[in-house]
file entry.cif (mmCIF, C-alpha atoms (C1' of nucleotides))
data_coords
#
loop_
_atom_site.group_PDB
_atom_site.id
_atom_site.type_symbol
_atom_site.label_atom_id
_atom_site.label_comp_id
_atom_site.auth_asym_id
_atom_site.auth_seq_id
_atom_site.Cartn_x
_atom_site.Cartn_y
_atom_site.Cartn_z
ATOM 1 C CA MET A 1 0.000 0.000 0.000
ATOM 2 C CA ARG A 2 1.215 3.435 -0.932
ATOM 3 C CA LEU A 3 -0.408 6.121 1.242
ATOM 4 C CA VAL A 4 -0.192 9.896 0.894
ATOM 5 C CA THR A 5 -1.159 12.627 3.348
ATOM 6 C CA TRP A 6 -1.400 16.188 2.086
ATOM 7 C CA ASN A 7 -2.853 19.462 3.300
ATOM 8 C CA ILE A 8 -3.971 20.608 -0.130
ATOM 9 C CA ASN A 9 -5.290 24.040 0.977
ATOM 10 C CA SER A 10 -8.339 24.061 -1.321
ATOM 11 C CA LEU A 11 -9.125 20.905 -3.258
ATOM 12 C CA ARG A 12 -10.959 22.678 -6.070
ATOM 13 C CA LEU A 13 -8.167 25.179 -6.694
ATOM 14 C CA ARG A 14 -5.491 22.479 -6.727
ATOM 15 C CA LEU A 15 -7.305 19.695 -8.531
ATOM 16 C CA PRO A 16 -4.705 19.845 -11.354
ATOM 17 C CA LEU A 17 -1.920 19.330 -8.810
ATOM 18 C CA LEU A 18 -3.760 16.373 -7.307
ATOM 19 C CA ALA A 19 -4.084 14.930 -10.817
ATOM 20 C CA GLN A 20 -0.334 15.290 -11.304
ATOM 21 C CA LEU A 21 0.392 13.716 -7.925
ATOM 22 C CA THR A 22 -1.933 10.836 -8.784
ATOM 23 C CA LEU A 23 -0.121 10.174 -12.068
ATOM 24 C CA ASP A 24 3.369 10.630 -10.625
ATOM 25 C CA GLU A 25 2.999 8.508 -7.507
ATOM 26 C CA ARG A 26 0.070 6.171 -8.201
ATOM 27 C CA PRO A 27 -0.905 6.035 -4.499
ATOM 28 C CA ASP A 28 -3.437 3.512 -3.224
ATOM 29 C CA VAL A 29 -4.828 5.922 -0.656
ATOM 30 C CA ILE A 30 -4.595 9.683 -0.268
ATOM 31 C CA CYS A 31 -5.707 11.669 2.765
ATOM 32 C CA LEU A 32 -6.414 15.349 2.194
ATOM 33 C CA GLN A 33 -6.844 18.177 4.665
ATOM 34 C CA GLU A 34 -8.156 21.720 4.221
ATOM 35 C CA THR A 35 -10.236 20.729 1.221
ATOM 36 C CA LYS A 36 -12.325 23.860 1.857
ATOM 37 C CA VAL A 37 -15.282 22.496 -0.046
ATOM 38 C CA PRO A 38 -18.816 21.777 1.238
ATOM 39 C CA ASP A 39 -19.992 18.224 0.513
ATOM 40 C CA PRO A 40 -22.562 19.207 -2.166
ATOM 41 C CA LEU A 41 -19.745 20.850 -4.142
ATOM 42 C CA PHE A 42 -17.169 18.050 -3.641
ATOM 43 C CA PRO A 43 -15.642 17.223 -7.069
ATOM 44 C CA ALA A 44 -16.463 13.520 -6.801
ATOM 45 C CA ASP A 45 -16.884 12.971 -10.555
ATOM 46 C CA LYS A 46 -13.558 14.573 -11.456
ATOM 47 C CA LEU A 47 -11.798 12.466 -8.821
ATOM 48 C CA GLN A 48 -13.518 9.369 -10.195
ATOM 49 C CA GLU A 49 -12.025 10.187 -13.587
ATOM 50 C CA LEU A 50 -8.601 10.328 -11.969
ATOM 51 C CA GLY A 51 -9.099 6.781 -10.718
ATOM 52 C CA TRP A 52 -10.272 7.568 -7.201
ATOM 53 C CA GLU A 53 -13.114 5.114 -7.202
ATOM 54 C CA HIS A 54 -13.715 5.187 -3.465
ATOM 55 C CA GLN A 55 -14.151 8.421 -1.519
ATOM 56 C CA VAL A 56 -15.150 9.504 1.935
ATOM 57 C CA TYR A 57 -15.244 13.212 2.632
ATOM 58 C CA TRP A 58 -16.556 15.783 4.998
ATOM 59 C CA GLY A 59 -16.330 19.465 4.248
ATOM 60 C CA MET A 60 -17.840 22.773 5.225
ATOM 61 C CA LYS A 61 -18.034 26.250 3.750
ATOM 62 C CA GLY A 62 -14.828 28.233 3.578
ATOM 63 C CA TYR A 63 -12.403 26.316 5.762
ATOM 64 C CA ASN A 64 -11.386 22.927 7.235
ATOM 65 C CA GLY A 65 -12.523 19.828 5.327
ATOM 66 C CA VAL A 66 -11.001 16.342 5.083
ATOM 67 C CA ALA A 67 -11.189 13.508 2.566
ATOM 68 C CA ILE A 68 -9.890 9.974 2.029
ATOM 69 C CA LEU A 69 -9.560 8.808 -1.584
ATOM 70 C CA SER A 70 -8.795 5.187 -2.388
ATOM 71 C CA ARG A 71 -8.391 2.677 -5.209
ATOM 72 C CA HIS A 72 -9.591 0.013 -2.770
ATOM 73 C CA PRO A 73 -13.014 -0.191 -1.131
ATOM 74 C CA LEU A 74 -13.598 2.118 1.826
ATOM 75 C CA GLU A 75 -15.917 1.553 4.731
ATOM 76 C CA ARG A 76 -16.501 4.807 6.565
ATOM 77 C CA VAL A 77 -16.399 4.755 10.370
ATOM 78 C CA LEU A 78 -19.515 6.553 11.513
ATOM 79 C CA ASP A 79 -19.295 6.493 15.297
ATOM 80 C CA VAL A 80 -16.627 9.166 15.649
ATOM 81 C CA PRO A 81 -16.743 12.038 18.158
ATOM 82 C CA ASN A 82 -18.084 15.489 17.487
ATOM 83 C CA TRP A 83 -14.761 17.047 18.477
ATOM 84 C CA CYS A 84 -15.125 19.859 20.999
ATOM 85 C CA GLY A 85 -18.850 19.881 20.180
ATOM 86 C CA ARG A 86 -18.230 22.164 17.242
ATOM 87 C CA GLY A 87 -19.324 20.141 14.250
ATOM 88 C CA ASP A 88 -16.071 21.050 12.477
ATOM 89 C CA SER A 89 -14.995 18.880 9.553
ATOM 90 C CA ARG A 90 -11.629 17.953 10.999
ATOM 91 C CA HIS A 91 -11.640 14.154 11.035
ATOM 92 C CA VAL A 92 -12.789 11.244 8.910
ATOM 93 C CA ALA A 93 -11.975 7.570 9.348
ATOM 94 C CA ALA A 94 -12.412 4.552 7.107
ATOM 95 C CA TRP A 95 -11.458 0.910 6.794
ATOM 96 C CA VAL A 96 -9.456 0.288 3.631
ATOM 97 C CA SER A 97 -9.983 -3.172 2.127
ATOM 98 C CA LEU A 98 -6.667 -4.160 0.593
ATOM 99 C CA PRO A 99 -6.365 -7.453 -1.296
ATOM 100 C CA HIS A 100 -4.942 -9.289 1.725
ATOM 101 C CA ALA A 101 -5.718 -7.092 4.714
ATOM 102 C CA LYS A 102 -7.952 -4.404 6.145
ATOM 103 C CA VAL A 103 -6.413 -1.258 7.580
ATOM 104 C CA LEU A 104 -8.112 1.497 9.556
ATOM 105 C CA VAL A 105 -7.154 4.992 8.415
ATOM 106 C CA HIS A 106 -7.760 8.117 10.491
ATOM 107 C CA ASN A 107 -7.371 11.460 8.749
ATOM 108 C CA PHE A 108 -7.089 14.501 11.066
ATOM 109 C CA TYR A 109 -6.870 18.242 10.644
ATOM 110 C CA VAL A 110 -5.956 19.588 14.084
ATOM 111 C CA PRO A 111 -6.805 23.254 14.819
ATOM 112 C CA ALA A 112 -3.881 25.570 14.048
ATOM 113 C CA GLY A 113 -4.321 27.430 17.324
ATOM 114 C CA GLY A 114 -3.863 31.087 16.398
ATOM 115 C CA ASP A 115 -0.835 33.172 17.256
ATOM 116 C CA ILE A 116 -0.738 33.600 21.043
ATOM 117 C CA PRO A 117 0.220 30.441 22.993
ATOM 118 C CA ASP A 118 -1.999 31.243 25.986
ATOM 119 C CA ILE A 119 -5.366 29.604 26.593
ATOM 120 C CA ASN A 120 -6.635 32.623 28.561
ATOM 121 C CA GLU A 121 -5.776 35.170 25.899
ATOM 122 C CA ASN A 122 -6.439 33.065 22.820
ATOM 123 C CA GLU A 123 -9.578 30.987 22.387
ATOM 124 C CA LYS A 124 -8.059 29.254 19.342
ATOM 125 C CA PHE A 125 -5.149 27.957 21.383
ATOM 126 C CA ALA A 126 -7.566 26.705 24.047
ATOM 127 C CA HIS A 127 -9.526 24.939 21.308
ATOM 128 C CA LYS A 128 -6.349 23.308 19.984
ATOM 129 C CA LEU A 129 -5.395 21.936 23.402
ATOM 130 C CA SER A 130 -8.962 20.755 24.048
ATOM 131 C CA PHE A 131 -8.989 18.969 20.709
ATOM 132 C CA LEU A 132 -5.696 17.220 21.514
ATOM 133 C CA LYS A 133 -6.999 16.151 24.908
ATOM 134 C CA GLU A 134 -10.200 14.735 23.433
ATOM 135 C CA ALA A 135 -8.238 12.942 20.739
ATOM 136 C CA ARG A 136 -5.968 11.376 23.354
ATOM 137 C CA GLU A 137 -8.895 10.278 25.526
ATOM 138 C CA TRP A 138 -10.816 8.830 22.591
ATOM 139 C CA CYS A 139 -7.840 7.004 21.054
ATOM 140 C CA SER A 140 -6.951 5.498 24.436
ATOM 141 C CA GLN A 141 -10.282 3.652 24.264
ATOM 142 C CA GLN A 142 -9.826 2.343 20.706
ATOM 143 C CA ALA A 143 -8.188 -0.937 19.707
ATOM 144 C CA ALA A 144 -4.568 -0.054 19.036
ATOM 145 C CA GLU A 145 -3.996 -2.257 16.005
ATOM 146 C CA LYS A 146 -4.084 -2.249 12.198
ATOM 147 C CA THR A 147 -4.381 1.522 12.280
ATOM 148 C CA VAL A 148 -2.705 4.362 10.419
ATOM 149 C CA LEU A 149 -3.346 7.880 11.707
ATOM 150 C CA VAL A 150 -2.321 10.719 9.433
ATOM 151 C CA GLY A 151 -2.928 14.368 8.908
ATOM 152 C CA ASP A 152 -2.007 17.953 9.466
ATOM 153 C CA LEU A 153 -1.575 17.811 13.221
ATOM 154 C CA ASN A 154 -0.276 21.397 13.250
ATOM 155 C CA ILE A 155 2.479 20.575 15.749
ATOM 156 C CA ALA A 156 6.180 20.010 15.088
ATOM 157 C CA PRO A 157 7.097 17.926 18.145
ATOM 158 C CA CYS A 158 10.817 17.226 17.758
ATOM 159 C CA GLU A 159 13.738 19.605 18.056
ATOM 160 C CA HIS A 160 14.681 18.877 14.456
ATOM 161 C CA ASP A 161 11.121 19.222 13.169
ATOM 162 C CA VAL A 162 11.672 22.984 13.011
ATOM 163 C CA TRP A 163 14.320 25.255 11.529
ATOM 164 C CA SER A 164 15.199 26.677 14.943
ATOM 165 C CA HIS A 165 14.109 24.896 18.098
ATOM 166 C CA LYS A 166 15.164 27.794 20.303
ATOM 167 C CA GLN A 167 13.493 30.495 18.238
ATOM 168 C CA LEU A 168 10.220 28.606 17.979
ATOM 169 C CA LEU A 169 9.742 27.553 21.605
ATOM 170 C CA LYS A 170 7.146 30.293 22.079
ATOM 171 C CA ILE A 171 5.669 29.995 18.600
ATOM 172 C CA VAL A 172 2.373 28.103 18.299
ATOM 173 C CA SER A 173 3.086 24.669 16.748
ATOM 174 C CA HIS A 174 6.288 24.090 18.753
ATOM 175 C CA THR A 175 5.481 25.158 22.325
ATOM 176 C CA PRO A 176 6.215 22.608 25.075
ATOM 177 C CA VAL A 177 2.539 22.388 26.108
ATOM 178 C CA GLU A 178 1.479 21.432 22.580
ATOM 179 C CA VAL A 179 4.345 18.963 22.158
ATOM 180 C CA GLU A 180 3.424 17.339 25.465
ATOM 181 C CA ALA A 181 -0.226 17.054 24.411
ATOM 182 C CA LEU A 182 0.700 15.579 21.035
ATOM 183 C CA ASN A 183 3.079 13.055 22.594
ATOM 184 C CA ALA A 184 0.405 12.016 25.109
ATOM 185 C CA TRP A 185 -1.922 11.361 22.167
ATOM 186 C CA LEU A 186 0.809 9.422 20.336
ATOM 187 C CA ALA A 187 1.420 7.337 23.463
ATOM 188 C CA THR A 188 -2.147 5.970 23.419
ATOM 189 C CA GLY A 189 -0.862 3.304 21.023
ATOM 190 C CA PHE A 190 0.987 4.750 18.051
ATOM 191 C CA VAL A 191 4.495 5.063 16.694
ATOM 192 C CA ASP A 192 5.678 8.152 14.810
ATOM 193 C CA ALA A 193 6.465 6.283 11.595
ATOM 194 C CA MET A 194 8.384 9.101 9.910
ATOM 195 C CA ARG A 195 10.720 9.479 12.870
ATOM 196 C CA HIS A 196 10.994 5.700 13.180
ATOM 197 C CA VAL A 197 12.435 5.586 9.664
ATOM 198 C CA THR A 198 14.375 8.838 9.927
ATOM 199 C CA PRO A 199 15.382 9.537 13.537
ATOM 200 C CA GLU A 200 16.700 12.823 14.824
ATOM 201 C CA PRO A 201 18.889 14.779 14.327
ATOM 202 C CA GLU A 202 17.997 14.653 10.644
ATOM 203 C CA LYS A 203 15.748 17.582 9.800
ATOM 204 C CA LEU A 204 12.262 16.813 8.529
ATOM 205 C CA TYR A 205 9.901 19.544 7.294
ATOM 206 C CA THR A 206 6.565 19.253 5.494
ATOM 207 C CA TRP A 207 5.474 22.891 5.536
ATOM 208 C CA TRP A 208 7.041 26.161 4.504
ATOM 209 C CA SER A 209 5.189 29.443 5.044
ATOM 210 C CA TYR A 210 3.878 31.438 2.103
ATOM 211 C CA ARG A 211 5.400 34.456 3.807
ATOM 212 C CA ASN A 212 8.902 33.886 2.564
ATOM 213 C CA ARG A 213 10.329 35.360 -0.614
ATOM 214 C CA ASP A 214 12.463 32.274 -1.221
ATOM 215 C CA TRP A 215 11.210 29.353 0.856
ATOM 216 C CA ARG A 216 14.004 27.048 -0.290
ATOM 217 C CA LYS A 217 16.780 29.499 0.464
ATOM 218 C CA SER A 218 15.508 30.559 3.891
ATOM 219 C CA ASN A 219 14.324 26.966 4.567
ATOM 220 C CA ARG A 220 12.292 27.944 7.614
ATOM 221 C CA GLY A 221 10.249 24.775 7.571
ATOM 222 C CA ARG A 222 8.298 22.758 10.112
ATOM 223 C CA ARG A 223 7.087 19.134 10.233
ATOM 224 C CA LEU A 224 3.371 19.687 10.789
ATOM 225 C CA ASP A 225 2.151 16.648 8.845
ATOM 226 C CA HIS A 226 2.403 13.211 10.372
ATOM 227 C CA ILE A 227 2.004 9.494 9.777
ATOM 228 C CA TRP A 228 1.463 7.367 12.872
ATOM 229 C CA VAL A 229 1.013 3.605 12.897
ATOM 230 C CA THR A 230 0.085 1.080 15.531
ATOM 231 C CA PRO A 231 3.064 -1.122 16.515
ATOM 232 C CA ASP A 232 1.683 -4.191 14.716
ATOM 233 C CA LEU A 233 2.090 -2.330 11.412
ATOM 234 C CA LEU A 234 5.629 -1.194 12.110
ATOM 235 C CA PRO A 235 7.208 -4.221 10.359
ATOM 236 C CA ASN A 236 5.186 -3.238 7.278
ATOM 237 C CA VAL A 237 6.571 0.298 7.089
ATOM 238 C CA LYS A 238 9.038 0.349 4.196
ATOM 239 C CA ALA A 239 9.986 3.945 3.442
ATOM 240 C CA PHE A 240 8.638 7.436 3.050
ATOM 241 C CA ARG A 241 9.348 10.517 0.978
ATOM 242 C CA VAL A 242 8.531 14.179 1.571
ATOM 243 C CA LEU A 243 7.672 15.592 -1.848
ATOM 244 C CA LYS A 244 9.574 18.802 -1.258
ATOM 245 C CA ASP A 245 9.728 19.768 -4.927
ATOM 246 C CA SER A 246 5.949 20.131 -4.966
ATOM 247 C CA ARG A 247 6.414 23.338 -2.971
ATOM 248 C CA ASP A 248 7.555 24.829 -6.292
ATOM 249 C CA TRP A 249 4.594 23.602 -8.302
ATOM 250 C CA GLU A 250 2.413 26.235 -9.924
ATOM 251 C CA SER A 251 0.313 27.863 -7.191
ATOM 252 C CA PRO A 252 1.431 25.373 -4.535
ATOM 253 C CA SER A 253 0.005 24.475 -1.175
ATOM 254 C CA ASP A 254 2.147 25.620 1.734
ATOM 255 C CA HIS A 255 2.213 21.936 2.821
ATOM 256 C CA VAL A 256 3.846 19.232 0.690
ATOM 257 C CA PRO A 257 2.624 15.637 0.353
ATOM 258 C CA VAL A 258 4.206 12.855 2.391
ATOM 259 C CA VAL A 259 4.261 9.443 0.686
ATOM 260 C CA MET A 260 4.688 6.252 2.699
ATOM 261 C CA ASP A 261 5.012 2.723 1.364
ATOM 262 C CA PHE A 262 3.787 -0.294 3.322
ATOM 263 C CA THR A 263 4.297 -3.995 2.621
ATOM 264 C CA ILE A 264 0.591 -4.664 2.976
ATOM 265 C "C1'" DA B 1 10.302 43.612 16.392
ATOM 266 C "C1'" DT B 2 7.670 43.519 12.482
ATOM 267 C "C1'" DG B 3 5.518 42.092 8.473
ATOM 268 C "C1'" DG B 4 5.599 39.148 5.213
ATOM 269 C "C1'" DT B 5 1.423 35.660 1.609
ATOM 270 C "C1'" DC B 6 -2.241 32.904 0.644
ATOM 271 C "C1'" DG B 7 -7.611 31.026 0.001
ATOM 272 C "C1'" DA B 8 -12.443 31.684 0.599
ATOM 273 C "C1'" DC B 9 -15.640 34.964 0.393
ATOM 274 C "C1'" DA B 10 -17.774 39.069 0.453
ATOM 275 C "C1'" DC B 11 -15.041 42.281 4.545
ATOM 276 C "C1'" DT B 12 -12.428 40.110 6.998
ATOM 277 C "C1'" DC B 13 -11.059 35.690 8.924
ATOM 278 C "C1'" DG B 14 -8.245 31.718 9.286
ATOM 279 C "C1'" DA B 15 -3.797 30.048 8.337
#
call {"tool": "encode", "arguments": {"input": "entry.cif", "output": "structure tokens"}}
result
Amino acid sequence: MRLVTWNINSLRLRLPLLAQLTLDERPDVICLQETKVPDPLFPADKLQELGWEHQVYWGMKGYNGVAILSRHPLERVLDVPNWCGRGDSRHVAAWVSLPHAKVLVHNFYVPAGGDIPDINENEKFAHKLSFLKEAREWCSQQAAEKTVLVGDLNIAPCEHDVWSHKQLLKIVSHTPVEVEALNAWLATGFVDAMRHVTPEPEKLYTWWSYRNRDWRKSNRGRRLDHIWVTPDLLPNVKAFRVLKDSRDWESPSDHVPVVMDFTI
DNA sequence: ATGGTCGACACTCGA
């Protein structure tokens, strides 16, 4: 199984890029975040034409939105929480029926959390931490097997997941309180598959801000996008690639796709 | 320390 996770930052705007990615990589499954398209306007037919026969998606007007596209049958998981009681389209889950196995895929878009890392001054940061706590509590009650959890988790947990650990300690996405919350969630039964394959101190980034003249030269990246697996799947993790060059595609997303290959 | 750039949508918000 080849699986991709990508914050596409508007599915409709970047449909041509998704088509290119589909042709270039031939993934079995792709998880998208920030599709920014309400369900009635989801481009299901166009994705069908690209070979994405099976689709589960949940969007809303203007922002958020997640989707799982697959060449193999999908069985959507319906009994998932209404995170923070908000009705936000930030999570979908589905069983993927591969020829010789079934795998559960969770696709998350964690709240970004605003600019000020203080729950009293910034409601968005409070929301982010609440979301992480709920996710940890819920996952601790799920069977920790045959599961891949991916998405834009909006946190760069490791020292070498950011361009400057010291300079980002008070920047939302790399504050100790967020890292602690993310690691507590991870510890409910997952392994950080990207860091399992490529341990620190090697730098890993999946996102570069739009607000840089030359993103490659300044290289102020962060690893906000993640692939977690339950330990039973760890022997099946082969390799991954961060498609860094896609950051230079025409009208790119600020996140780049991460491709992981499994021997499943 | 500041402002820098996007996308959706309708003026400004979220990132």
call {"tool": "interface_residues", "arguments": {"input": "entry.cif", "of": "chain A", "to": "chain B", "cutoff": "7 Å", "atoms": "only C-alpha atoms (C1' of nucleotides)", "output": "ChimeraX atom specification"}}
result
/A:62,210-212
call {"tool": "resolve_selection", "arguments": {"input": "entry.cif", "expression": "the PyMOL selection byres ((chain A and resi 155) around 10)", "output": "PyMOL selection string"}}
result
chain A and resi 110-113+152-154+156-158+161-162+172-175+178-179+181-182+222-226
call {"tool": "write_last_selection", "arguments": {"input": "entry.cif", "atoms": "C-alpha atoms", "output": "PDB file, in the frame of the given file"}}
result
ATOM      1  CA  VAL A 110      -5.956  19.588  14.084  1.00  0.00           C
ATOM      2  CA  PRO A 111      -6.805  23.254  14.819  1.00  0.00           C
ATOM      3  CA  ALA A 112      -3.881  25.570  14.048  1.00  0.00           C
ATOM      4  CA  GLY A 113      -4.321  27.430  17.324  1.00  0.00           C
ATOM      5  CA  ASP A 152      -2.007  17.953   9.466  1.00  0.00           C
ATOM      6  CA  LEU A 153      -1.575  17.811  13.221  1.00  0.00           C
ATOM      7  CA  ASN A 154      -0.276  21.397  13.250  1.00  0.00           C
ATOM      8  CA  ALA A 156       6.180  20.010  15.088  1.00  0.00           C
ATOM      9  CA  PRO A 157       7.097  17.926  18.145  1.00  0.00           C
ATOM     10  CA  CYS A 158      10.817  17.226  17.758  1.00  0.00           C
ATOM     11  CA  ASP A 161      11.121  19.222  13.169  1.00  0.00           C
ATOM     12  CA  VAL A 162      11.672  22.984  13.011  1.00  0.00           C
ATOM     13  CA  VAL A 172       2.373  28.103  18.299  1.00  0.00           C
ATOM     14  CA  SER A 173       3.086  24.669  16.748  1.00  0.00           C
ATOM     15  CA  HIS A 174       6.288  24.090  18.753  1.00  0.00           C
ATOM     16  CA  THR A 175       5.481  25.158  22.325  1.00  0.00           C
ATOM     17  CA  GLU A 178       1.479  21.432  22.580  1.00  0.00           C
ATOM     18  CA  VAL A 179       4.345  18.963  22.158  1.00  0.00           C
ATOM     19  CA  ALA A 181      -0.226  17.054  24.411  1.00  0.00           C
ATOM     20  CA  LEU A 182       0.700  15.579  21.035  1.00  0.00           C
ATOM     21  CA  ARG A 222       8.298  22.758  10.112  1.00  0.00           C
ATOM     22  CA  ARG A 223       7.087  19.134  10.233  1.00  0.00           C
ATOM     23  CA  LEU A 224       3.371  19.687  10.789  1.00  0.00           C
ATOM     24  CA  ASP A 225       2.151  16.648   8.845  1.00  0.00           C
ATOM     25  CA  HIS A 226       2.403  13.211  10.372  1.00  0.00           C
TER      26      HIS A 226
END
call {"tool": "resolve_selection", "arguments": {"input": "entry.cif", "expression": "the PyMOL selection byres ((chain A and resi 205) around 12)", "output": "PyMOL selection string"}}
result
chain A and resi 154-164+194-195+198+202-204+206-209+215-216+219-226+241-244+247+254-258
call {"tool": "residues_around", "arguments": {"input": "entry.cif", "residues": "Ser140 of chain A", "least_positions_apart": "2", "cutoff": "12 Å", "atoms": "only C-alpha atoms (C1' of nucleotides)", "output": "list in words"}}
result
Lys133, Glu134, Ala135, Arg136, Glu137, Trp138, Gln142, Ala143, Ala144, Glu145, Ala184, Trp185, Leu186, Ala187, Thr188, Gly189 and Phe190 of chain A
call {"tool": "atom_distance", "arguments": {"input": "entry.cif", "atom1": "atom CA of Glu250 of chain A", "atom2": "atom CA of Arg12 of chain A"}}
result
14.4 Å
call {"tool": "atom_distance", "arguments": {"input": "entry.cif", "atom1": "atom CA of Ile264 of chain A", "atom2": "atom CA of Asn7 of chain A"}}
result
24.4 Å
call {"tool": "atom_distance", "arguments": {"input": "entry.cif", "atom1": "atom CA of Glu75 of chain A", "atom2": "atom CA of Leu3 of chain A"}}
result
16.5 Å
call {"tool": "closest_residue", "arguments": {"input": "entry.cif", "among": "A:Val148, A:Ile116, A:His100, A:Phe131", "to": "Lys170 of chain A", "atoms": "all atoms listed in the file"}}
result
A:Ile116
call {"tool": "residues_near_point", "arguments": {"input": "entry.cif", "point": "(-17.1, 16.2, 0.1)", "cutoff": "6 Å", "atoms": "all atoms listed in the file", "output": "count of residues only"}}
result
6
call {"tool": "closest_residue", "arguments": {"input": "entry.cif", "among": "A:His127, A:Arg86, A:Lys46, A:Lys166", "to": "Pro16 of chain A", "atoms": "all atoms listed in the file"}}
result
A:Lys46
call {"tool": "residues_around", "arguments": {"input": "entry.cif", "residues": "Ala67 of chain A", "least_positions_apart": "2", "cutoff": "8 Å", "atoms": "all atoms listed in the file", "output": "list in words"}}
result
Cys31, Leu32, Gln33, Thr35, Gln55, Val56, Tyr57, Trp58, Gly65, Leu69, Val92 and Asn107 of chain A
call {"tool": "decode", "arguments": {"input": "entry.cif", "residues": "segment 152-167 of chain A", "atoms": "N, CA, C and O atoms", "output": "JSON list (two decimals), in the first residue's frame"}}
result
[["chain", "number", "residue", "atom", "x", "y", "z"],
["A", 152, "ASP", "N", -2.65, 16.71, 9.06],
["A", 152, "ASP", "CA", -2.01, 17.95, 9.47],
["A", 152, "ASP", "C", -2.31, 18.13, 10.94],
["A", 152, "ASP", "O", -3.40, 18.58, 11.29],
["A", 153, "LEU", "N", -1.36, 17.74, 11.78],
["A", 153, "LEU", "CA", -1.57, 17.81, 13.22],
["A", 153, "LEU", "C", -1.14, 19.17, 13.77],
["A", 153, "LEU", "O", -1.28, 19.43, 14.97],
["A", 154, "ASN", "N", -0.61, 20.00, 12.91],
["A", 154, "ASN", "CA", -0.28, 21.40, 13.25],
["A", 154, "ASN", "C", 0.66, 21.54, 14.45],
["A", 154, "ASN", "O", 0.65, 22.58, 15.13],
["A", 155, "ILE", "N", 1.46, 20.51, 14.70],
["A", 155, "ILE", "CA", 2.48, 20.57, 15.75],
["A", 155, "ILE", "C", 3.74, 19.91, 15.21],
["A", 155, "ILE", "O", 3.67, 18.84, 14.60],
["A", 156, "ALA", "N", 4.87, 20.56, 15.43],
["A", 156, "ALA", "CA", 6.18, 20.01, 15.09],
["A", 156, "ALA", "C", 6.84, 19.60, 16.40],
["A", 156, "ALA", "O", 7.41, 20.43, 17.10],
["A", 157, "PRO", "N", 6.76, 18.33, 16.78],
["A", 157, "PRO", "CA", 7.10, 17.93, 18.14],
["A", 157, "PRO", "C", 8.60, 17.84, 18.45],
["A", 157, "PRO", "O", 9.00, 18.08, 19.59],
["A", 158, "CYS", "N", 9.40, 17.48, 17.48],
["A", 158, "CYS", "CA", 10.82, 17.23, 17.76],
["A", 158, "CYS", "C", 11.66, 18.48, 17.53],
["A", 158, "CYS", "O", 11.29, 19.37, 16.77],
["A", 159, "GLU", "N", 12.81, 18.48, 18.19],
["A", 159, "GLU", "CA", 13.74, 19.60, 18.06],
["A", 159, "GLU", "C", 14.09, 19.85, 16.59],
["A", 159, "GLU", "O", 14.21, 21.00, 16.14],
["A", 160, "HIS", "N", 14.25, 18.75, 15.85],
["A", 160, "HIS", "CA", 14.68, 18.88, 14.46],
["A", 160, "HIS", "C", 13.50, 18.81, 13.48],
["A", 160, "HIS", "O", 13.69, 18.55, 12.30],
["A", 161, "ASP", "N", 12.30, 19.06, 14.01],
["A", 161, "ASP", "CA", 11.12, 19.22, 13.17],
["A", 161, "ASP", "C", 10.89, 20.69, 12.82],
["A", 161, "ASP", "O", 9.89, 21.01, 12.16],
["A", 162, "VAL", "N", 11.78, 21.55, 13.30],
["A", 162, "VAL", "CA", 11.67, 22.98, 13.01],
["A", 162, "VAL", "C", 13.05, 23.53, 12.66],
["A", 162, "VAL", "O", 14.07, 22.95, 13.02],
["A", 163, "TRP", "N", 13.05, 24.68, 11.99],
["A", 163, "TRP", "CA", 14.32, 25.25, 11.53],
["A", 163, "TRP", "C", 15.15, 25.81, 12.69],
["A", 163, "TRP", "O", 16.36, 25.86, 12.61],
["A", 164, "SER", "N", 14.47, 26.20, 13.76],
["A", 164, "SER", "CA", 15.20, 26.68, 14.94],
["A", 164, "SER", "C", 14.40, 26.35, 16.20],
["A", 164, "SER", "O", 13.41, 27.03, 16.49],
["A", 165, "HIS", "N", 14.81, 25.31, 16.88],
["A", 165, "HIS", "CA", 14.11, 24.90, 18.10],
["A", 165, "HIS", "C", 14.01, 26.05, 19.09],
["A", 165, "HIS", "O", 12.93, 26.33, 19.64],
["A", 166, "LYS", "N", 15.11, 26.72, 19.30],
["A", 166, "LYS", "CA", 15.16, 27.79, 20.30],
["A", 166, "LYS", "C", 14.25, 28.96, 19.93],
["A", 166, "LYS", "O", 13.51, 29.48, 20.77],
["A", 167, "GLN", "N", 14.27, 29.32, 18.67],
["A", 167, "GLN", "CA", 13.49, 30.49, 18.24],
["A", 167, "GLN", "C", 12.00, 30.21, 18.14],
["A", 167, "GLN", "O", 11.20, 31.15, 18.06]]
